[in-house]
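S.K.: File name start_36.pdb; file contents PDB, C-alpha atoms and all ligand atoms; full text below.
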ATOM      1  CA  MET A   1       0.000   0.000   0.000
ATOM      2  CA  GLU A   2       1.331   3.400  -0.911
ATOM      3  CA  MET A   3       1.322   6.047   1.768
ATOM      4  CA  GLU A   4       0.757   9.702   0.995
ATOM      5  CA  LEU A   5       3.722  11.519   2.521
ATOM      6  CA  LYS A   6       4.235  15.261   2.429
ATOM      7  CA  GLU A   7       7.921  15.809   2.914
ATOM      8  CA  ILE A   8       8.988  18.847   4.923
ATOM      9  CA  ARG A   9      11.980  20.638   3.413
ATOM     10  CA  GLY A  10      13.748  23.577   5.002
ATOM     11  CA  THR A  11      17.045  24.971   6.187
ATOM     12  CA  PHE A  12      18.305  23.734   9.534
ATOM     13  CA  LYS A  13      20.830  25.736  11.565
ATOM     14  CA  PRO A  14      22.142  24.666  14.957
ATOM     15  CA  GLU A  15      19.872  25.890  17.790
ATOM     16  CA  LEU A  16      17.292  27.037  15.277
ATOM     17  CA  ILE A  17      14.492  24.608  14.582
ATOM     18  CA  PRO A  18      12.614  25.549  11.406
ATOM     19  CA  PRO A  19       8.959  26.352  12.140
ATOM     20  CA  GLU A  20       7.916  23.888   9.401
ATOM     21  CA  CYS A  21       8.795  21.095  11.856
ATOM     22  CA  GLY A  22       5.800  22.078  13.962
ATOM     23  CA  GLY A  23       3.407  20.426  11.551
ATOM     24  CA  GLY A  24      -0.323  20.917  11.262
ATOM     25  CA  ILE A  25      -3.276  19.610  13.265
ATOM     26  CA  ASP A  26      -3.304  16.342  11.277
ATOM     27  CA  ASP A  27       0.320  15.678  12.214
ATOM     28  CA  TYR A  28      -0.431  16.348  15.877
ATOM     29  CA  GLU A  29      -3.445  14.077  15.736
ATOM     30  CA  GLU A  30      -1.520  11.261  14.177
ATOM     31  CA  ALA A  31       1.368  11.634  16.613
ATOM     32  CA  LEU A  32      -1.006  11.744  19.589
ATOM     33  CA  HIS A  33      -2.762   8.575  18.472
ATOM     34  CA  VAL A  34       0.504   6.725  17.962
ATOM     35  CA  LEU A  35       1.658   7.815  21.419
ATOM     36  CA  MET A  36      -1.648   6.813  22.990
ATOM     37  CA  LYS A  37      -1.370   3.347  21.452
ATOM     38  CA  PHE A  38       2.259   2.969  22.553
ATOM     39  CA  VAL A  39       1.677   4.169  26.110
ATOM     40  CA  GLY A  40      -1.507   2.122  26.450
ATOM     41  CA  SER A  41       0.205  -1.048  25.209
ATOM     42  CA  MET A  42       3.173  -0.419  27.482
ATOM     43  CA  ALA A  43       0.945  -0.056  30.547
ATOM     44  CA  ASN A  44      -0.942  -3.190  29.583
ATOM     45  CA  ALA A  45       2.267  -5.179  29.081
ATOM     46  CA  LEU A  46       3.637  -3.941  32.386
ATOM     47  CA  GLU A  47       0.558  -5.196  34.185
ATOM     48  CA  GLN A  48       0.689  -8.549  32.415
ATOM     49  CA  VAL A  49       4.350  -9.073  33.293
ATOM     50  CA  SER A  50       4.425  -7.695  36.829
ATOM     51  CA  GLY A  51       0.819  -8.273  37.892
ATOM     52  CA  ARG A  52      -0.647  -5.867  40.410
ATOM     53  CA  GLY A  53       2.832  -4.990  41.652
ATOM     54  CA  ALA A  54       3.067  -2.808  38.550
ATOM     55  CA  ASN A  55       0.557  -0.399  40.080
ATOM     56  CA  ALA A  56       2.679   0.051  43.200
ATOM     57  CA  ILE A  57       5.879   0.673  41.220
ATOM     58  CA  VAL A  58       4.243   3.158  38.893
ATOM     59  CA  TYR A  59       2.507   4.865  41.818
ATOM     60  CA  GLN A  60       5.876   5.499  43.448
ATOM     61  CA  ALA A  61       7.311   6.801  40.177
ATOM     62  CA  GLY A  62       4.314   9.142  39.809
ATOM     63  CA  LYS A  63       4.707  10.298  43.393
ATOM     64  CA  ARG A  64       8.324  11.232  42.769
ATOM     65  CA  MET A  65       7.300  13.204  39.678
ATOM     66  CA  GLY A  66       4.596  14.919  41.723
ATOM     67  CA  HIS A  67       7.064  15.898  44.444
ATOM     68  CA  ASP A  68       9.395  17.356  41.803
ATOM     69  CA  ALA A  69       6.567  19.329  40.186
ATOM     70  CA  GLY A  70       5.289  20.497  43.595
ATOM     71  CA  LYS A  71       8.692  21.919  44.502
ATOM     72  CA  LEU A  72       8.155  24.632  41.903
ATOM     73  CA  MET A  73       4.934  25.786  43.576
ATOM     74  CA  GLU A  74       4.344  27.908  46.644
ATOM     75  CA  LYS A  75       3.792  26.049  49.929
ATOM     76  CA  THR A  76       0.365  26.433  51.460
ATOM     77  CA  ASP A  77      -1.715  24.894  54.239
ATOM     78  CA  ASN A  78      -4.942  26.100  52.677
ATOM     79  CA  LEU A  79      -6.724  23.273  50.880
ATOM     80  CA  GLU A  80      -8.401  25.470  48.284
ATOM     81  CA  ASN A  81      -5.108  27.134  47.350
ATOM     82  CA  ALA A  82      -3.469  23.704  47.210
ATOM     83  CA  MET A  83      -6.178  22.476  44.828
ATOM     84  CA  GLN A  84      -5.593  25.503  42.632
ATOM     85  CA  GLU A  85      -1.868  24.809  42.561
ATOM     86  CA  LEU A  86      -2.560  21.168  41.810
ATOM     87  CA  SER A  87      -4.734  22.106  38.843
ATOM     88  CA  GLN A  88      -1.888  24.304  37.562
ATOM     89  CA  ILE A  89       0.539  21.403  37.903
ATOM     90  CA  LEU A  90      -1.779  18.960  36.160
ATOM     91  CA  GLY A  91      -2.759  21.432  33.439
ATOM     92  CA  LYS A  92      -6.016  21.752  31.559
ATOM     93  CA  GLU A  93      -5.790  18.254  30.104
ATOM     94  CA  PHE A  94      -6.577  17.035  33.638
ATOM     95  CA  TYR A  95      -9.390  19.428  34.434
ATOM     96  CA  PHE A  96     -10.912  18.632  37.832
ATOM     97  CA  GLU A  97     -13.077  20.300  40.440
ATOM     98  CA  MET A  98     -14.058  19.623  44.013
ATOM     99  CA  TRP A  99     -17.344  17.755  44.272
ATOM    100  CA  LYS A 100     -19.852  16.965  47.003
ATOM    101  CA  PRO A 101     -23.267  15.305  47.148
ATOM    102  CA  SER A 102     -26.155  17.733  47.716
ATOM    103  CA  SER A 103     -26.725  16.447  51.265
ATOM    104  CA  GLN A 104     -23.176  17.419  52.314
ATOM    105  CA  GLU A 105     -22.665  21.007  53.455
ATOM    106  CA  SER A 106     -19.015  21.612  52.717
ATOM    107  CA  PHE A 107     -16.553  20.124  50.254
ATOM    108  CA  THR A 108     -14.411  18.763  53.081
ATOM    109  CA  ILE A 109     -15.135  16.173  55.755
ATOM    110  CA  GLU A 110     -13.006  16.104  58.908
ATOM    111  CA  ARG A 111     -12.353  12.668  60.377
ATOM    112  CA  SER A 112      -9.973  11.978  63.306
ATOM    113  CA  GLY A 113      -7.140  14.251  62.245
ATOM    114  CA  GLU A 114      -7.765  13.718  58.536
ATOM    115  CA  THR A 115      -9.515  15.810  55.916
ATOM    116  CA  GLU A 116     -11.293  14.247  52.971
ATOM    117  CA  VAL A 117     -12.180  16.007  49.763
ATOM    118  CA  LYS A 118     -13.771  14.545  46.639
ATOM    119  CA  LEU A 119     -12.253  15.472  43.294
ATOM    120  CA  LEU A 120     -14.185  15.040  40.082
ATOM    121  CA  PHE A 121     -11.931  14.661  37.063
ATOM    122  CA  ARG A 122     -13.798  15.984  34.066
ATOM    123  CA  ASP A 123     -10.986  15.751  31.493
ATOM    124  CA  CYS A 124      -8.197  13.192  31.643
ATOM    125  CA  VAL A 125      -5.596  12.199  29.054
ATOM    126  CA  VAL A 126      -5.085   8.871  30.826
ATOM    127  CA  ARG A 127      -8.764   8.024  30.359
ATOM    128  CA  GLN A 128      -8.523   8.981  26.691
ATOM    129  CA  THR A 129      -5.372   6.906  26.204
ATOM    130  CA  LEU A 130      -6.939   3.845  27.798
ATOM    131  CA  ARG A 131     -10.065   4.175  25.734
ATOM    132  CA  ARG A 132      -7.993   4.661  22.581
ATOM    133  CA  THR A 133      -6.275   1.356  23.336
ATOM    134  CA  GLY A 134      -9.508  -0.380  24.366
ATOM    135  CA  LEU A 135      -8.321  -0.887  27.940
ATOM    136  CA  PRO A 136     -10.396  -0.581  31.133
ATOM    137  CA  GLN A 137     -10.001   2.645  33.125
ATOM    138  CA  LYS A 138      -7.675   1.209  35.764
ATOM    139  CA  GLY A 139      -4.164  -0.181  36.088
ATOM    140  CA  PRO A 140      -0.672   1.327  35.968
ATOM    141  CA  LEU A 141      -1.464   4.440  33.941
ATOM    142  CA  CYS A 142      -4.156   5.499  36.404
ATOM    143  CA  TYR A 143      -1.766   4.788  39.273
ATOM    144  CA  LEU A 144       0.868   6.993  37.693
ATOM    145  CA  LEU A 145      -1.599   9.876  37.817
ATOM    146  CA  TYR A 146      -2.683   9.039  41.395
ATOM    147  CA  GLY A 147       0.939   9.041  42.506
ATOM    148  CA  TYR A 148       1.615  12.271  40.657
ATOM    149  CA  MET A 149      -1.309  14.004  42.360
ATOM    150  CA  VAL A 150      -0.504  12.700  45.823
ATOM    151  CA  GLY A 151       3.168  13.661  45.443
ATOM    152  CA  ALA A 152       2.271  17.179  44.309
ATOM    153  CA  VAL A 153      -0.232  17.715  47.148
ATOM    154  CA  GLU A 154       2.203  16.323  49.726
ATOM    155  CA  GLU A 155       4.857  18.698  48.481
ATOM    156  CA  VAL A 156       2.793  21.898  48.393
ATOM    157  CA  MET A 157       1.007  21.226  51.699
ATOM    158  CA  ASP A 158       3.774  19.395  53.548
ATOM    159  CA  ILE A 159       1.394  16.659  54.616
ATOM    160  CA  LYS A 160       0.857  12.957  53.984
ATOM    161  CA  GLY A 161      -1.802  12.243  51.365
ATOM    162  CA  LYS A 162      -3.746   9.310  49.956
ATOM    163  CA  LEU A 163      -5.991   8.994  46.933
ATOM    164  CA  ASP A 164      -8.835   6.510  46.524
ATOM    165  CA  ILE A 165     -10.918   5.966  43.470
ATOM    166  CA  ASN A 166     -14.684   6.084  44.001
ATOM    167  CA  HIS A 167     -16.083   5.816  40.523
ATOM    168  CA  ILE A 168     -14.925   5.750  36.930
ATOM    169  CA  GLY A 169     -17.072   6.824  34.028
ATOM    170  CA  PRO A 170     -16.585   7.628  30.355
ATOM    171  CA  ASN A 171     -17.159  11.337  31.027
ATOM    172  CA  ALA A 172     -15.827  11.859  34.582
ATOM    173  CA  CYS A 173     -14.063  10.007  37.406
ATOM    174  CA  LEU A 174     -14.538  10.639  41.119
ATOM    175  CA  LYS A 175     -11.636  10.335  43.562
ATOM    176  CA  THR A 176     -11.250  10.978  47.280
ATOM    177  CA  LEU A 177      -8.144  12.779  48.466
ATOM    178  CA  THR A 178      -7.373  12.183  52.147
ATOM    179  CA  ILE A 179      -5.017  14.563  53.878
ATOM    180  CA  ASN A 180      -3.263  13.511  57.046
ATOM    181  CA  TRP A 181      -2.247  16.683  58.884
ATOM    182  CA  GLY A 182       0.246  14.745  60.984
ATOM    183  CA  GLY A 183       2.858  15.555  58.323
ATOM    184  CA  LYS A 184       5.231  13.351  56.385
TER     185      LYS A 184
ATOM    186  CA  MET B   1     -27.383  21.973  37.126
ATOM    187  CA  VAL B   2     -27.502  18.778  35.096
ATOM    188  CA  LYS B   3     -30.867  18.057  33.511
ATOM    189  CA  ILE B   4     -31.645  14.415  32.744
ATOM    190  CA  LYS B   5     -34.339  13.239  30.372
ATOM    191  CA  ILE B   6     -35.541   9.640  30.135
ATOM    192  CA  ASP B   7     -37.264   8.383  27.026
ATOM    193  CA  GLU B   8     -39.913   6.219  28.658
ATOM    194  CA  ASP B   9     -40.845   4.585  25.359
ATOM    195  CA  ALA B  10     -37.268   3.397  24.932
ATOM    196  CA  CYS B  11     -36.625   2.319  28.550
ATOM    197  CA  VAL B  12     -36.989  -1.471  28.876
ATOM    198  CA  GLY B  13     -36.986  -1.388  32.678
ATOM    199  CA  CYS B  14     -33.843  -3.475  33.117
ATOM    200  CA  GLY B  15     -32.755  -1.438  36.169
ATOM    201  CA  SER B  16     -29.095  -1.322  35.085
ATOM    202  CA  CYS B  17     -28.899   2.457  35.524
ATOM    203  CA  VAL B  18     -30.338   2.157  39.056
ATOM    204  CA  GLU B  19     -27.681  -0.423  39.939
ATOM    205  CA  ASP B  20     -24.812   1.372  38.245
ATOM    206  CA  CYS B  21     -25.281   5.010  39.239
ATOM    207  CA  PRO B  22     -22.883   5.736  42.132
ATOM    208  CA  ASN B  23     -25.012   8.600  43.404
ATOM    209  CA  ASP B  24     -28.435   6.918  43.437
ATOM    210  CA  VAL B  25     -29.875   9.351  40.925
ATOM    211  CA  TYR B  26     -32.404   6.769  39.676
ATOM    212  CA  GLU B  27     -34.880   4.361  41.205
ATOM    213  CA  MET B  28     -37.237   1.859  39.623
ATOM    214  CA  ASP B  29     -40.856   2.799  39.229
ATOM    215  CA  GLU B  30     -42.221  -0.676  39.895
ATOM    216  CA  ALA B  31     -45.735   0.127  38.690
ATOM    217  CA  LYS B  32     -44.554   1.356  35.295
ATOM    218  CA  ASN B  33     -41.448  -0.880  35.147
ATOM    219  CA  LYS B  34     -39.387   2.125  34.078
ATOM    220  CA  THR B  35     -36.559   4.030  35.660
ATOM    221  CA  ARG B  36     -37.359   7.269  37.499
ATOM    222  CA  ILE B  37     -35.092  10.215  38.340
ATOM    223  CA  ILE B  38     -35.101  10.958  42.063
ATOM    224  CA  LYS B  39     -31.850  12.833  42.783
ATOM    225  CA  GLU B  40     -30.941  14.807  39.683
ATOM    226  CA  GLU B  41     -28.978  17.293  41.822
ATOM    227  CA  ASP B  42     -26.453  14.572  42.699
ATOM    228  CA  CYS B  43     -25.623  13.699  39.106
ATOM    229  CA  MET B  44     -21.945  14.340  38.387
ATOM    230  CA  ALA B  45     -22.271  13.650  34.646
ATOM    231  CA  CYS B  46     -19.942  10.650  34.640
ATOM    232  CA  LEU B  47     -22.195   9.086  31.975
ATOM    233  CA  SER B  48     -21.740   5.546  33.264
ATOM    234  CA  CYS B  49     -25.492   5.150  32.891
ATOM    235  CA  HIS B  50     -25.193   5.971  29.185
ATOM    236  CA  GLU B  51     -22.664   3.231  28.756
ATOM    237  CA  ILE B  52     -24.742   0.611  30.550
ATOM    238  CA  CYS B  53     -28.229   1.420  29.248
ATOM    239  CA  PRO B  54     -29.117  -1.117  26.537
ATOM    240  CA  ALA B  55     -31.810   1.201  25.159
ATOM    241  CA  GLN B  56     -29.863   4.475  25.093
ATOM    242  CA  ALA B  57     -32.880   5.915  26.867
ATOM    243  CA  MET B  58     -31.287   8.823  28.696
ATOM    244  CA  GLU B  59     -30.059  12.252  27.779
ATOM    245  CA  HIS B  60     -27.975  14.576  29.983
ATOM    246  CA  GLN B  61     -28.293  18.246  29.146
ATOM    247  CA  ASP B  62     -25.961  21.149  29.841
ATOM    248  CA  ILE B  63     -23.036  19.063  31.070
ATOM    249  CA  HIS B  64     -19.257  19.333  30.694
ATOM    250  CA  VAL B  65     -18.486  17.057  27.749
ATOM    251  CA  ALA B  66     -15.071  15.522  28.356
ATOM    252  CA  LYS B  67     -12.426  15.766  25.642
ATOM    253  CA  ARG B  68     -12.155  12.662  23.510
ATOM    254  CA  LEU B  69      -8.983  13.225  21.549
ATOM    255  CA  TYR B  70      -8.809   9.489  20.869
ATOM    256  CA  ILE B  71     -11.540   9.894  18.309
ATOM    257  CA  ASP B  72     -10.260   9.629  14.759
ATOM    258  CA  ARG B  73     -11.454  12.863  13.149
ATOM    259  CA  LYS B  74     -11.356  11.434   9.634
ATOM    260  CA  VAL B  75     -13.533   8.468  10.581
ATOM    261  CA  ASN B  76     -15.789  10.734  12.621
ATOM    262  CA  ASN B  77     -16.261  13.184   9.748
ATOM    263  CA  THR B  78     -17.148  10.335   7.404
ATOM    264  CA  ILE B  79     -19.679   8.914   9.875
ATOM    265  CA  ASN B  80     -21.169  12.382  10.393
ATOM    266  CA  LYS B  81     -21.725  12.663   6.653
ATOM    267  CA  ILE B  82     -23.494   9.289   6.541
ATOM    268  CA  ILE B  83     -25.719   9.794   9.613
TER     269      ILE B  83
HETATM  270  S1  LIG C 201     -24.192  10.416  34.777
HETATM  271 FE1  LIG C 201     -23.293   9.235  36.482
HETATM  272  S2  LIG C 201     -24.032  10.274  38.319
HETATM  273 FE2  LIG C 201     -25.303  10.996  36.614
HETATM  274  S3  LIG C 201     -27.085   9.670  36.577
HETATM  275 FE3  LIG C 201     -25.592   8.740  35.183
HETATM  276  S4  LIG C 201     -24.415   7.277  36.422
HETATM  277 FE4  LIG C 201     -25.510   8.641  37.845
HETATM  278  S1  LIG C 202     -30.645   1.155  31.954
HETATM  279 FE1  LIG C 202     -31.900   2.104  30.337
HETATM  280  S2  LIG C 202     -33.428   0.568  29.829
HETATM  281 FE2  LIG C 202     -32.522  -0.052  31.804
HETATM  282  S3  LIG C 202     -33.921   0.865  33.336
HETATM  283 FE3  LIG C 202     -32.256   2.339  32.975
HETATM  284  S4  LIG C 202     -33.087   3.711  31.367
HETATM  285 FE4  LIG C 202     -34.366   1.880  31.382
END
Would you mind giving the structure from this file in structure tokens?
M.R.:
Amino acid sequence: MEMELKEIRGTFKPELIPPECGGGIDDYEEALHVLMKFVGSMANALEQVSGRGANAIVYQAGKRMGHDAGKLMEKTDNLENAMQELSQILGKEFYFEMWKPSSQESFTIERSGETEVKLLFRDCVVRQTLRRTGLPQKGPLCYLLYGYMVGAVEEVMDIKGKLDINHIGPNACLKTLTINWGGK
Amino acid sequence: MVKIKIDEDACVGCGSCVEDCPNDVYEMDEAKNKTRIIKEEDCMACLSCHEICPAQAMEHQDIHVAKRLYIDRKVNNTINKII
């Protein structure tokens, strides 16, 4: 089968990348889909080879990334500010907001030295990648994100955090972030 | 706030949405053997009910529609022309 290929030609100087390399929306789409398939297959293979231990390893890796990203942000002990910083770290591809059922008065619940807050992830690249690869919304890729979030929150708030998944859906996922004020 | 509409003619009364919804938005109307919305205000627009409903009987209005960059635009455009 012959493939239609539009060759990019330009002049290349050191330290100066020609703007033609940027490509158009079709190039970005194709590249994104290839990456989604690669990353999805890699996560799947990791789980098949290492079993559920893969989640723990990837979670730790994500946590380290989160701590590194959190170091660039301002420290705060205010949960709302921390959530704002977290959304800056995650970027708009992981758009989330705090959520509560109508019967609950405030977004946070205090429980024996711990604070719980529910986060509703509206947009998520991990979800999109898994769906692109036909995989269920769980496993190592999700754990990488959990670790990343927990690491970032721990870093900006100087606390110990935990993230539990409550529900996954094709349009939004609900998670509970638990903050232990006892510190790290 | 999310507005949910159920097409009662389409609903086959299987109860899957009642079982699946994490926020108990639906309950079964036993007399009619159809689903009924009882807690619309607790809907978080996860759309799990859409995925499980065999009759595609529900519609969620005015919700955040999550990005789906995994969709192949070329295939999608072709389908849109056919449908
Ligand atoms: S979208 Fe989610 S929360 Fe809303 S009714 Fe459906 S399953 Fe329940
Ligand atoms: S899942 Fe669909 S068909 Fe089944 S009870 Fe709910 S609305 Fe009706």
S.K.: Mind listing as a VMD selection string which residues of chain B are within 6 Å of chain A, counting all atoms listed in the file?
M.R.: chain B and resid 42 46 to 48 66 70
S.K.: Go through the shown structure with the PyMOL selection byres (((chain A and resi 41) around 12) and not hetatm) and write out the matching residues as JSON, numbers by chain.
M.R.: {"A": [34, 35, 36, 37, 38, 39, 40, 42, 43, 44, 45, 46, 47, 48, 129, 130, 131, 132, 133, 134, 135, 139, 140, 141]}
S.K.: Given the file shown, determine the residues that the PyMOL selection byres (((chain B and resi 1-13) around 8) and not hetatm) selects; report them as an MDAnalysis selection string.
M.R.: chainID B and resid 14:15 28 33:37 40:41 43:45 55:63
S.K.: Could those residues be written to a file, using C-alpha atoms, as a PDB file, in the coordinates of the input?
M.R.:
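Produced file result_7.pdb, reproduced below:
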ATOM      1  CA  CYS B  14     -33.843  -3.475  33.117  1.00  0.00           C
ATOM      2  CA  GLY B  15     -32.755  -1.438  36.169  1.00  0.00           C
ATOM      3  CA  MET B  28     -37.237   1.859  39.623  1.00  0.00           C
ATOM      4  CA  ASN B  33     -41.448  -0.880  35.147  1.00  0.00           C
ATOM      5  CA  LYS B  34     -39.387   2.125  34.078  1.00  0.00           C
ATOM      6  CA  THR B  35     -36.559   4.030  35.660  1.00  0.00           C
ATOM      7  CA  ARG B  36     -37.359   7.269  37.499  1.00  0.00           C
ATOM      8  CA  ILE B  37     -35.092  10.215  38.340  1.00  0.00           C
ATOM      9  CA  GLU B  40     -30.941  14.807  39.683  1.00  0.00           C
ATOM     10  CA  GLU B  41     -28.978  17.293  41.822  1.00  0.00           C
ATOM     11  CA  CYS B  43     -25.623  13.699  39.106  1.00  0.00           C
ATOM     12  CA  MET B  44     -21.945  14.340  38.387  1.00  0.00           C
ATOM     13  CA  ALA B  45     -22.271  13.650  34.646  1.00  0.00           C
ATOM     14  CA  ALA B  55     -31.810   1.201  25.159  1.00  0.00           C
ATOM     15  CA  GLN B  56     -29.863   4.475  25.093  1.00  0.00           C
ATOM     16  CA  ALA B  57     -32.880   5.915  26.867  1.00  0.00           C
ATOM     17  CA  MET B  58     -31.287   8.823  28.696  1.00  0.00           C
ATOM     18  CA  GLU B  59     -30.059  12.252  27.779  1.00  0.00           C
ATOM     19  CA  HIS B  60     -27.975  14.576  29.983  1.00  0.00           C
ATOM     20  CA  GLN B  61     -28.293  18.246  29.146  1.00  0.00           C
ATOM     21  CA  ASP B  62     -25.961  21.149  29.841  1.00  0.00           C
ATOM     22  CA  ILE B  63     -23.036  19.063  31.070  1.00  0.00           C
TER      23      ILE B  63
END
S.K.: Since I can't run it myself right now, could you work out what the PyMOL selection byres (((chain A and resi 59) around 8) and not hetatm) selects here and report it as a PDB file with C-alpha atoms, in the frame of the given file?
M.R.:
ATOM      1  CA  ASN A  55       0.557  -0.399  40.080  1.00  0.00           C
ATOM      2  CA  ALA A  56       2.679   0.051  43.200  1.00  0.00           C
ATOM      3  CA  ILE A  57       5.879   0.673  41.220  1.00  0.00           C
ATOM      4  CA  VAL A  58       4.243   3.158  38.893  1.00  0.00           C
ATOM      5  CA  GLN A  60       5.876   5.499  43.448  1.00  0.00           C
ATOM      6  CA  ALA A  61       7.311   6.801  40.177  1.00  0.00           C
ATOM      7  CA  GLY A  62       4.314   9.142  39.809  1.00  0.00           C
ATOM      8  CA  LYS A  63       4.707  10.298  43.393  1.00  0.00           C
ATOM      9  CA  PRO A 140      -0.672   1.327  35.968  1.00  0.00           C
ATOM     10  CA  TYR A 143      -1.766   4.788  39.273  1.00  0.00           C
ATOM     11  CA  LEU A 144       0.868   6.993  37.693  1.00  0.00           C
ATOM     12  CA  LEU A 145      -1.599   9.876  37.817  1.00  0.00           C
ATOM     13  CA  TYR A 146      -2.683   9.039  41.395  1.00  0.00           C
ATOM     14  CA  GLY A 147       0.939   9.041  42.506  1.00  0.00           C
ATOM     15  CA  TYR A 148       1.615  12.271  40.657  1.00  0.00           C
TER      16      TYR A 148
END
S.K.: Counting only C-alpha atoms, find residues at most 7 Å from (-31.7, 10.7, 44.9) (file frame) and give them as JSON, numbers by chain.
M.R.: {"B": [24, 25, 26, 38, 39, 40, 42]}
S.K.: Between CA of Thr115 (chain A) and atom S1 of ligand LIG 201 (chain C), what distance in Å does the model show, to one decimal?
M.R.: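 So the answer is 26.3 Å.
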S.K.: Tell me, as a PDB file with C-alpha atoms, keeping the file's coordinate frame, which residues lie within 10 Å of Glu114 (chain A), counting all atoms listed in the file; anything in the same chain fewer than 3 positions away does not count.
M.R.:
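Result written to out.pdb:
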ATOM      1  CA  THR A 108     -14.411  18.763  53.081  1.00  0.00           C
ATOM      2  CA  ILE A 109     -15.135  16.173  55.755  1.00  0.00           C
ATOM      3  CA  GLU A 110     -13.006  16.104  58.908  1.00  0.00           C
ATOM      4  CA  ARG A 111     -12.353  12.668  60.377  1.00  0.00           C
ATOM      5  CA  LYS A 160       0.857  12.957  53.984  1.00  0.00           C
ATOM      6  CA  GLY A 161      -1.802  12.243  51.365  1.00  0.00           C
ATOM      7  CA  THR A 178      -7.373  12.183  52.147  1.00  0.00           C
ATOM      8  CA  ILE A 179      -5.017  14.563  53.878  1.00  0.00           C
ATOM      9  CA  ASN A 180      -3.263  13.511  57.046  1.00  0.00           C
ATOM     10  CA  TRP A 181      -2.247  16.683  58.884  1.00  0.00           C
ATOM     11  CA  GLY A 182       0.246  14.745  60.984  1.00  0.00           C
TER      12      GLY A 182
END
S.K.: What are the centre and the three edge lengths of an axis-aligned box that wraps all atoms of ligand LIG 202 (chain C) in the file, given that 4 Å is added to every side, written as JSON and rounded to one decimal in Å?
M.R.:
{"center_x": -32.5, "center_y": 1.8, "center_z": 31.6, "size_x": 11.7, "size_y": 11.8, "size_z": 11.5}
S.K.: I'd like the contact shell of region 2-14 of chain A - 10 Å cut-off, all atoms listed in the file, skipping same-chain residues fewer than 6 positions apart - returned as a list in words.
M.R.: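 My reading of the contact set: Glu20, Cys21 and Gly23 of chain A.
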S.K.: Interatomic distance between CA of Ile159 (chain A) and CA of Ile89 (chain A)?
M.R.: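 If I compute the distance from CA of Ile159 (chain A) to CA of Ile89 (chain A), I get 17.4 Å.
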S.K.: Report, in Å with one decimal, the straight-line distance from CA of Cys53 (chain B) to CA of Asn23 (chain B).
M.R.: 16.2 Å
S.K.: Closest to ligand LIG 201 (chain C) among B:Asp29, B:Ile79, B:Cys49, B:Ser16, using all atoms listed in the file?
M.R.: B:Cys49
S.K.: Between B:His50, B:His64, B:Lys81, B:Lys32, which is the closest to ligand LIG 202 (chain C) once you count only C-alpha atoms and all ligand atoms?
M.R.: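 Among the listed residues, B:His50 lies closest to ligand LIG 202 (chain C).
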S.K.: Given only C-alpha atoms and all ligand atoms as the basis, pick out the residue of B:Ile82, B:Cys17, B:Glu51, B:Glu27 nearest to ligand LIG 202 (chain C).
M.R.: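 Looking only at the distances to ligand LIG 202 (chain C), the closest residue turns out to be B:Cys17.
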S.K.: Pick out the residues sitting within 8 Å of Met73 (chain A), and hand them over as JSON, numbers by chain; count all atoms listed in the file, and ignore anything fewer than 4 positions along from it in its own chain.
M.R.: {"A": [69, 85, 156]}
S.K.: Can you work out which one of B:Val65, B:Ile83, B:Ala31, B:Val75 has the shortest atom-to-atom distance to ligand LIG 201 (chain C), counting only C-alpha atoms and all ligand atoms?
M.R.: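 Going through B:Val65, B:Ile83, B:Ala31, B:Val75 one by one, the smallest distance to ligand LIG 201 (chain C) is for B:Val65.
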S.K.: Quick one: residues within 12 Å of Glu80 (chain A), all atoms listed in the file counted, chain neighbours fewer than 2 positions away excluded, as a ChimeraX atom specification?
M.R.: /A:76-78,82-87,97-98,107-108,117,119,153,156-157
S.K.: Dump C-alpha atoms for the selected residues as a PDB file, keeping the file's coordinate frame?
M.R.:
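Final output, saved to part_18.pdb:
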ATOM      1  CA  THR A  76       0.365  26.433  51.460  1.00  0.00           C
ATOM      2  CA  ASP A  77      -1.715  24.894  54.239  1.00  0.00           C
ATOM      3  CA  ASN A  78      -4.942  26.100  52.677  1.00  0.00           C
ATOM      4  CA  ALA A  82      -3.469  23.704  47.210  1.00  0.00           C
ATOM      5  CA  MET A  83      -6.178  22.476  44.828  1.00  0.00           C
ATOM      6  CA  GLN A  84      -5.593  25.503  42.632  1.00  0.00           C
ATOM      7  CA  GLU A  85      -1.868  24.809  42.561  1.00  0.00           C
ATOM      8  CA  LEU A  86      -2.560  21.168  41.810  1.00  0.00           C
ATOM      9  CA  SER A  87      -4.734  22.106  38.843  1.00  0.00           C
ATOM     10  CA  GLU A  97     -13.077  20.300  40.440  1.00  0.00           C
ATOM     11  CA  MET A  98     -14.058  19.623  44.013  1.00  0.00           C
ATOM     12  CA  PHE A 107     -16.553  20.124  50.254  1.00  0.00           C
ATOM     13  CA  THR A 108     -14.411  18.763  53.081  1.00  0.00           C
ATOM     14  CA  VAL A 117     -12.180  16.007  49.763  1.00  0.00           C
ATOM     15  CA  LEU A 119     -12.253  15.472  43.294  1.00  0.00           C
ATOM     16  CA  VAL A 153      -0.232  17.715  47.148  1.00  0.00           C
ATOM     17  CA  VAL A 156       2.793  21.898  48.393  1.00  0.00           C
ATOM     18  CA  MET A 157       1.007  21.226  51.699  1.00  0.00           C
TER      19      MET A 157
END
